[in-house]
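Read the structure below first, then the notes.
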Amino acid sequence: MENEPVGIIAGGGQFPRLVAETVRKSGGRAVVCGFHGHTDPDLRAAADVFCLLRLGQFNRVLAFFRRQGVRRVCMAGAINKPRALDFRPDLRALRIVFSLRRKGDDALLRAIIEDFEREGFTVVPASEFAPSLRCPAGRLSRRPPDEEEWRDIRFGWPVGASLGRFDIGQCLVVKQGMVVAVECLEGTDAALRRGGELGGAGCVALKMAKPGQDERADLPSVGLETIRRLVEGKYRCLAVEAEKTLFFDMEAALALADRHDLAVVALRPEEVNGTPDGTPAAGSDRAGILEDCG
């Protein structure tokens with residue numbers, strides 16, 4: 001809608017900027033609320049209206065969006081979880097936290113979404129503004145996973161799904177049928193670094209959505225920095241959940257993966273136990289991706 005204000009609750013990384021730019025290109029107004037210590041202050045340049053608050057000042061977030069006439073809100077970007085433990089909640093945020101039976105990411109974000117909606121806001125997935133970031137299904141790298149890597153993918157996928165049901169994390173590192181590292185509070189990059197240190201060369205990383213994950217709150221993401229971490233850790237393969245994983249800087253990331261013979265594959269859950277021939281899934285645009293990567 002022309003000149004419609006869209007509220008963006010911004011964490012770190014490039015996602016909030018991409019969403020804000022898309023909103024403005026479509027004729028809307030990007031009303032961005034970020035948080036000290038989590039959001040890049042330079043995001044101000046991509047916004048029509050911008051403010052930085054302390055994490056936990058929930059009433060001030062609501063008041064800011066109301067002043068700007070915002071009705072639609074999305075969440076984009078990561079919050080640094082270890083730093084988030086030191087947040088100072090206002091009374092509204094305290095009420096949300098104490099209402100939770102579990103304190104995992106999904107539970108907290110769902111509760112925040114419900115509170116926004118009780119206040120009359122509509123919360124939409126941030127990916128709605130950047131659909132091209134959703135990872136297509138199929139083999140993304142030039143090299144397909146080999147037999148041993150496929151065995152680790154098939155071993156690790158149900159393990160990762162089971163952990164996700166407990167709202168633990170989205171990333172898992174496996175090697176030769178053993179779990180090497182699980183993403184917890186530290187985030188994906190730190191989990192990959194630890195996995196490489198513990199498992200040595202040849203690990204397989206998996207990144208997937210949690211079962212029943214609310215896409216308005218969070219989606220797994222990978223990108224160029226992820227591939228750099230995998231190369232540094234001498235990983236052999238990355239498997240992600242197709243269509244539910246956001247893939248940033250895909251062209252540059254896959255070019256780097258190919259230079260280091262890193263296999264990258266995107267799978268739908270029902271495809272995990274398919275034949276390990278490296279054939280792209282039906283409907284994937286792998287040929288186009290290869291051509292773009294040169």
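Identifiers for the structure tokens are assigned positionally: chains receive A, B, ... in sequence, residues are indexed from 1 per chain, and ligands are indexed from 1 in the order shown.
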*Distance query Val180 (chain A) at most 8 Å, only C-alpha atoms, self and fewer than 5 positions along chain excluded, as a list in words*: Leu172, Val173, Val174, Lys175, Gly195, Leu198 and Gly199 of chain A
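Straight-line separation from CA of Asp90 (chain A) to CA of Met75 (chain A): 19.6 Å.
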Could you make a table, as a Markdown table, of the residues of region 104-175 of chain A that have an atom within 10 Å of an atom of region 52-63 of chain A, each with its nearest atom pair and distance in Å to one decimal, counting only C-alpha atoms, in chain and number order?
| residue | atom | partner | partner_atom | distance |
| --- | --- | --- | --- | --- |
| A:Ile112 | CA | A:Phe58 | CA | 9.1 |
| A:Asp115 | CA | A:Phe58 | CA | 9.9 |
| A:Phe116 | CA | A:Leu62 | CA | 7.9 |
| A:Glu119 | CA | A:Leu62 | CA | 8.5 |
| A:Phe121 | CA | A:Leu62 | CA | 9.3 |
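Taking CA of Met208 (chain A) and CA of Val159 (chain A) as endpoints, the distance between them is 10.9 Å.
Between CA of Arg118 (chain A) and CA of Val73 (chain A) there is a distance of 13.0 Å.
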With 12 Å as the cut-off and only C-alpha atoms counted, what is the closest atom pair between each nearby residue of region 129-148 of chain A and region 7-28 of chain A? Distances in Å to one decimal, ordered by chain and number, as a Markdown table.
| residue | atom | partner | partner_atom | distance |
| --- | --- | --- | --- | --- |
| A:Phe129 | CA | A:Val19 | CA | 5.7 |
| A:Ala130 | CA | A:Val19 | CA | 6.5 |
| A:Pro131 | CA | A:Val19 | CA | 10.3 |
| A:Ser132 | CA | A:Leu18 | CA | 11.2 |
| A:Leu133 | CA | A:Phe15 | CA | 9.7 |
Could you take the residues named above and write them with N, CA and C atoms, as a PDB file, in the first residue's frame?
ATOM      1  N   PHE A 129       8.905  -9.761   2.722  1.00  0.00           N
ATOM      2  CA  PHE A 129       9.492  -8.624   2.027  1.00  0.00           C
ATOM      3  C   PHE A 129      10.765  -9.004   1.270  1.00  0.00           C
ATOM      4  N   ALA A 130      11.210 -10.238   1.423  1.00  0.00           N
ATOM      5  CA  ALA A 130      12.425 -10.691   0.725  1.00  0.00           C
ATOM      6  C   ALA A 130      12.285 -12.161   0.361  1.00  0.00           C
ATOM      7  N   PRO A 131      11.279 -12.511  -0.438  1.00  0.00           N
ATOM      8  CA  PRO A 131      11.033 -13.937  -0.739  1.00  0.00           C
ATOM      9  C   PRO A 131      12.180 -14.607  -1.478  1.00  0.00           C
ATOM     10  N   SER A 132      12.995 -13.826  -2.196  1.00  0.00           N
ATOM     11  CA  SER A 132      14.095 -14.424  -2.958  1.00  0.00           C
ATOM     12  C   SER A 132      15.184 -14.995  -2.057  1.00  0.00           C
ATOM     13  N   LEU A 133      15.162 -14.649  -0.776  1.00  0.00           N
ATOM     14  CA  LEU A 133      16.169 -15.178   0.149  1.00  0.00           C
ATOM     15  C   LEU A 133      15.888 -16.623   0.549  1.00  0.00           C
TER      16      LEU A 133
END
*Neighbour list for Leu219 (chain A) as a PyMOL selection string, cut-off 12 Å, only C-alpha atoms, skip fewer than 3 positions in-chain*: chain A and resi 15+75-78+105-106+109+125-128+133-135+169-171+207-216+222+240-247
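Here the DSSP assignment of strand (DSSP E), based on backbone atoms, applies within region 69-218 of chain A to A:Arg72, A:Val73, A:Cys74, A:Met75, A:Ala76, A:Thr122, A:Val123, A:Gly138, A:Arg139, A:Cys171, A:Leu172, A:Val173, A:Val174, A:Lys175, A:Met178, A:Val179, A:Val180, A:Ala181, A:Val182, A:Val204, A:Ala205, A:Leu206, A:Lys207.
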*asked:* Neighbouring residues of Leu238 (chain A) were defined as those with any atom within 12 Å, considering only C-alpha atoms; residues of the same chain fewer than 2 positions away were excluded. Please report them as a PyMOL selection string.
replied: chain A and resi 139-141+143-146+149-150+152-153+156-157+171-175+192+202-208+222-223+226-231+234-236+240-241+253-254+257+261-267
*If you run DSSP over the backbone, which residues in region 10-216 of chain A end up alpha helix (DSSP H)? Put them as JSON, numbers by chain.*
{"A": [15, 16, 17, 18, 19, 20, 21, 22, 23, 24, 25, 58, 59, 60, 61, 62, 63, 64, 65, 66, 67, 81, 82, 83, 84, 91, 92, 93, 94, 95, 96, 97, 98, 105, 106, 107, 108, 109, 110, 111, 112, 113, 114, 115, 116, 117, 118, 147, 148, 149, 150, 151, 152, 153, 154, 155, 156, 157, 158, 159, 160, 161, 162, 163, 164, 165, 188, 189, 190, 191, 192, 193, 194, 195, 196, 197, 198, 199]}
